[in-house]
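Okay, structure first, notes after.
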Amino acid sequence: MKLSDPRILAALPELGVERIGGTSLAERTSLGIGGITDLLLIRRHSALPDLIVLLRGASVAYKFLGGGTNLLVRDGELPWVVLQLAHQEPDMRLEGNYAHVDAAADLGRTVTFCAKNDLGGMEGLIGVPGTVGGALRMNAGAYGMQIGSYVRRVELYRAAEARIETLRQNHISFEYRHTSFAPDDIMLAVKLELPSKPYREILQGIRVCNEKRRSSQPLNQKSAGCIFKNPPGGSAGRMIDELGLKGFSVGDARVSDRHANFFVNVGRATSADMLSLIAQIHERVHAAYGVELENEVILWTE
């Protein structure tokens, strides 16, 4: 979508919002798939309510983009503009065992920053791509830990109330790859409480997690991470592997030879290619195991 409303265009500089026209989401997502639209880069969190009121008043559809690492976007000209938070400076600060982190901060860099200050617990997230805000929304986790365990407070924009609000941990539900945040909530910042731990011990844990990832995941290929959530008591990747579907492909969308729950773009895969691959793998797993796999990847394909 190309913004053309003169009222919106005139208001953007006053709100501290930069319009980047003709943005390709294929270049802003780890899967390398996605169409073209205008991107609005928000430099001041406080401007978000006014911006969204402005867009709604002009009936402009929008979606919010985090790090783009767990996302499959439709091709062609997109029917909505994309909002994205600019990095704040500084984007993280420490106060004892508490880390105050901007939602647009890189997740891996956040883990490293805390580790260098002897705050551990999040070693398993060091290789998970994306932003802190994205990790909060899906309760990202790996190797027996999840970020929700350390959340003490979240600042977010609540679209339902059209205002910025702060939620404490007892008002947030964190489950496996799921949270109680509303679909149109926009994460702004988080307060984490992390256990004290010597840096050398944290570093050893990071090395172990990195080695596990290097040996089992297609880190050098375009992917969106795990496509499906693991069903209760099971493993989506193991079921797909047992069916001999590693390497199965639709166009340039392929089930990874290294990890069967990673689907990779090996060339110029389209959204249709990847959706077809997801649907076929879902159907085969259901036919063989009677299990309805649930998507972990977020779809912007309507």
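Every chain in the structure tokens has a letter given in the order shown (A, B, ...), and although residue numbers restart at 1 in each chain, ligands are simply numbered from 1 in the order shown.
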DSSP strand (DSSP E) residues within range 221-300 of chain A, as a list of chain:residue names: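 For range 221-300 of chain A, the strand (DSSP E) set is A:Lys222, A:Ser223, A:Ala224, A:Gly225, A:Cys226, A:Ser249, A:Val250, A:Ala253, A:Arg254, A:Val255, A:Phe262, A:Phe263, A:Val264, A:Asn265, A:Ile298, A:Leu299, A:Trp300.
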Can you spit out the residues from that selection as a PDB file, in the first residue's frame, using C-alpha atoms?
```pdb
ATOM      1  CA  LYS A 222      16.734 -18.409   4.834  1.00  0.00           C
ATOM      2  CA  SER A 223      14.159 -19.689   7.301  1.00  0.00           C
ATOM      3  CA  ALA A 224      11.594 -18.498   9.842  1.00  0.00           C
ATOM      4  CA  GLY A 225      12.751 -20.882  12.565  1.00  0.00           C
ATOM      5  CA  CYS A 226      10.417 -23.711  13.537  1.00  0.00           C
ATOM      6  CA  SER A 249      10.000 -29.222  -1.643  1.00  0.00           C
ATOM      7  CA  VAL A 250       7.446 -27.078  -3.433  1.00  0.00           C
ATOM      8  CA  ALA A 253      10.443 -23.865  -0.507  1.00  0.00           C
ATOM      9  CA  ARG A 254      12.029 -26.939   1.065  1.00  0.00           C
ATOM     10  CA  VAL A 255      11.994 -28.944   4.280  1.00  0.00           C
ATOM     11  CA  PHE A 262      12.695 -25.724   9.558  1.00  0.00           C
ATOM     12  CA  PHE A 263      11.422 -24.898   6.076  1.00  0.00           C
ATOM     13  CA  VAL A 264      13.966 -22.971   4.007  1.00  0.00           C
ATOM     14  CA  ASN A 265      13.894 -20.686   1.000  1.00  0.00           C
ATOM     15  CA  ILE A 298       3.039 -16.119  11.873  1.00  0.00           C
ATOM     16  CA  LEU A 299       1.182 -15.759   8.568  1.00  0.00           C
ATOM     17  CA  TRP A 300       0.511 -12.419   6.902  1.00  0.00           C
TER      18      TRP A 300
END
```
Residue neighbourhood range 205-211 of chain A, 6 Å, only C-alpha atoms, exclusion window fewer than 3 positions, as a PyMOL selection string: chain A and resi 123+202+214
Those in range 10-161 of chain A with helix (DSSP H, G or I) from DSSP, as a PyMOL selection string: chain A and resi 10-15+25-27+45-57+107-116+123-125+132-138+147-150
Surrounding residues of Thr301 in chain A excluding itself and chain neighbours under 3 positions, 10 Å, only C-alpha atoms, as number ranges by chain: A: 34, 71-75, 78, 271-272, 275, 298
Best match for closeness to Leu39 in chain A among A:Tyr157, A:Phe64, A:Phe228, A:Tyr150, counting only C-alpha atoms: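 Of A:Tyr157, A:Phe64, A:Phe228, A:Tyr150, the one nearest Leu39 in chain A, counting only C-alpha atoms, is A:Phe64.
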